Amino acid sequence: LTRLRMTCRSYLLPGALLAGGVATFTSLAAPTPTERVLPNLSSGTPPADPLPQLRVNRPSAAEMAARPRVHPYLFFDASSRVQLRDRARTEPFRGLSERVRTLAEDCLKRSIPPLAKDFGDIAPFLPDGSYNPEFLRHNSDDFYDQAYIVSEVIPALGFAYQLAGDRRFGEVGREWLLNFARREKLVREKKAADFPAGYAAFGMALGYDWLWELLSEPERRQVQLSLVGLARPIVAAAAALLREPAPERLRGNLGNNHRTRTHGLFGLTPLALLYEYPEAAEWLDLEIQLHRDRLYPSAWAPNGEHLDGRDHFESSLGDPMPFVVALRQLGGENLFDDPNLASRFRGISHGYLYGLEFRVEARPEAIGRG
């Protein structure tokens with residue numbers, strides 16, 4: 001698993017070159033006068049910028065759903081797929097596409113994990129602080145690690161199928177997707193609104209979008225129901241956070257990587273189901289409000305500092321971004337240009353690692369070209 005994670009990171013990290021939409025990087029030049037007087041998130045001083053009031057989404061998810069689309073559509077559609085494949089024949093995209101294909105070839109050799117077992121009663125650490133060997137022996141069979149595998153193998157195969165048109169990738173990806181969709185349980189109950197659920201939903205939502213054309217109607221319904229099962233606890237958690245009467249008191253919790261990453265990863269699910277499952281529009285509205293008005297203003301200071309800047313930095317920056325890019329791609333709000341968020345997203349790529357089909361260009365104030 002560690003090797004796979006490192007492999008996926010090393011193959012997919014060039015986000016600027018695989019940018020979705022127009023990839024830009026806001027300048028990291030000298031801070032503005034306002035930034036100089038704002039306390040850092042890690043200083044222990046309460047933030048000088050209060051959380052905004054919850055806003056109505058413009059457009060609403062229902063308005064977005066009124067313009068039906070056919071998969072794939074999260075980051076490209078059947079029409080732009082032609083440009084994607086053409087672009088992959090020239091540098092620098094040719095080298096990147098070869099790396100994606102190499103990763104997919106590696107995923108073809110992997111065996112689908114057996115049904116996960118709950119080893120939550122085994123302590124991960126011994127009294128001396130070292131890892132418990134018994135815990136390590138079972139770790140790869142646990143729901144947590146299988147969720148990471150789902151989030152990496154299924155999208156890798158699905159995207160390679162879309163990119164290369166190679167049915168081998170599509171058929172094996174479909175087999176993985178349906179195998180997990182048919183499982184009665186994908187996460188432990190106490191983690192149903194945390195990382196494992198987010199990563200499982202992320203992998204299956206991307207797989208559904210990219211492998212949809214290979215699925216029969218009953219198979220599509222099977223995947224939809226599996227995603228719905230993953231969605232309900234996460235959506236309930238989002239609604240509870242939005243009902244909080246004094247969200248300022250929860251700012252450390254709201255900006256924590258468990259919230260931003262879990263909901264950021266999950267955000268692709270209501271987008272992937274938006275035109276087929278009516279309830280998804282309600283979920284999407286909740287997630288947009290949660291991200292825009294609670295999570296992002298809590299995780300990022302106006303000067304771009306990140307709450308988890310000393311830990312989980314890479315994943316904290318990367319995991320929430322696919323949702324923002326796909327939302328913009330589908331005609332939803334462009335959170336990158338939101339007045340309350342634009343300065344917070346300084347230095348963050350406005351693209352996504354699977355968006356090989358889109359152009360990369362810098363705005364005048366950008367620090368360089370990807």
# chains A, B, ... in the order shown; residues from 1 in each chain; ligands from 1
call {"tool": "residues_around", "arguments": {"residues": "Tyr161 (chain A)", "least_positions_apart": "6", "cutoff": "8 Å", "atoms": "only C-alpha atoms", "output": "list of chain:residue names"}}
result
A:Arg167, A:Arg168, A:Phe169, A:Gly170, A:Trp210
call {"tool": "residues_around", "arguments": {"residues": "Glu279 (chain A)", "least_positions_apart": "5", "cutoff": "10 Å", "atoms": "only C-alpha atoms", "output": "PyMOL selection string"}}
result
chain A and resi 62+228+270+273-274+284
call {"tool": "write_last_selection", "arguments": {"atoms": "N, CA and C atoms", "output": "mmCIF file, in the first residue's frame"}}
result
data_model
loop_
_atom_site.group_PDB
_atom_site.id
_atom_site.type_symbol
_atom_site.label_atom_id
_atom_site.label_comp_id
_atom_site.auth_asym_id
_atom_site.auth_seq_id
_atom_site.Cartn_x
_atom_site.Cartn_y
_atom_site.Cartn_z
ATOM 1 N N ALA A 62 -29.935 22.828 -7.865
ATOM 2 C CA ALA A 62 -31.109 22.492 -8.680
ATOM 3 C C ALA A 62 -31.015 23.138 -10.050
ATOM 4 N N VAL A 228 -24.663 6.406 -2.479
ATOM 5 C CA VAL A 228 -25.678 6.970 -1.590
ATOM 6 C C VAL A 228 -25.438 6.515 -0.156
ATOM 7 N N PRO A 270 -21.879 14.091 -4.926
ATOM 8 C CA PRO A 270 -23.121 14.725 -5.413
ATOM 9 C C PRO A 270 -22.997 15.255 -6.831
ATOM 10 N N LEU A 273 -23.556 12.299 -9.174
ATOM 11 C CA LEU A 273 -24.929 11.790 -9.158
ATOM 12 C C LEU A 273 -25.959 12.865 -9.480
ATOM 13 N N LEU A 274 -25.522 14.077 -9.754
ATOM 14 C CA LEU A 274 -26.416 15.232 -9.818
ATOM 15 C C LEU A 274 -27.547 15.062 -10.816
ATOM 16 N N LEU A 284 -25.331 18.637 -2.666
ATOM 17 C CA LEU A 284 -24.375 19.550 -3.280
ATOM 18 C C LEU A 284 -24.518 20.954 -2.691
#
call {"tool": "closest_residue", "arguments": {"among": "A:Glu282, A:Pro297, A:Leu271, A:Pro155", "to": "Asn253 (chain A)", "atoms": "only C-alpha atoms"}}
result
A:Pro297
call {"tool": "closest_residue", "arguments": {"among": "A:Ser226, A:Ser315, A:Asn132, A:Gln146", "to": "Arg188 (chain A)", "atoms": "only C-alpha atoms"}}
result
A:Gln146
call {"tool": "residues_around", "arguments": {"residues": "Leu327 (chain A)", "least_positions_apart": "4", "cutoff": "9 Å", "atoms": "only C-alpha atoms", "output": "ChimeraX atom specification"}}
result
/A:74,267-268,271,288,322-323,331-335
call {"tool": "closest_residue", "arguments": {"among": "A:Val100, A:Ala197, A:Leu286, A:Leu215", "to": "Ser151 (chain A)", "atoms": "only C-alpha atoms"}}
result
A:Ala197
call {"tool": "residues_around", "arguments": {"residues": "Ala272 (chain A)", "least_positions_apart": "5", "cutoff": "8 Å", "atoms": "only C-alpha atoms", "output": "PyMOL selection string"}}
result
chain A and resi 74+205-206+208-209
call {"tool": "write_last_selection", "arguments": {"atoms": "N, CA and C atoms", "output": "short mmCIF file (atom, residue, chain, number, x, y, z; two decimals), in the first residue's frame"}}
result
data_model
loop_
_atom_site.label_atom_id
_atom_site.label_comp_id
_atom_site.auth_asym_id
_atom_site.auth_seq_id
_atom_site.Cartn_x
_atom_site.Cartn_y
_atom_site.Cartn_z
N LEU A 74 -17.17 15.25 -15.23
CA LEU A 74 -16.60 15.96 -14.09
C LEU A 74 -15.44 16.87 -14.48
N ALA A 205 -16.71 7.68 -7.07
CA ALA A 205 -17.34 8.73 -7.88
C ALA A 205 -16.56 8.96 -9.17
N LEU A 206 -15.24 9.03 -9.07
CA LEU A 206 -14.43 9.18 -10.28
C LEU A 206 -14.57 7.95 -11.17
N TYR A 208 -17.11 5.98 -11.36
CA TYR A 208 -18.44 6.01 -11.97
C TYR A 208 -18.46 6.95 -13.17
N ASP A 209 -17.85 8.13 -13.02
CA ASP A 209 -17.85 9.09 -14.12
C ASP A 209 -17.05 8.57 -15.31
#
call {"tool": "closest_residue", "arguments": {"among": "A:Met64, A:Leu295, A:Val56, A:Leu115", "to": "Arg328 (chain A)", "atoms": "only C-alpha atoms"}}
result
A:Met64
call {"tool": "closest_residue", "arguments": {"among": "A:His263, A:Arg243, A:His71, A:Arg292", "to": "Arg220 (chain A)", "atoms": "only C-alpha atoms"}}
result
A:His71
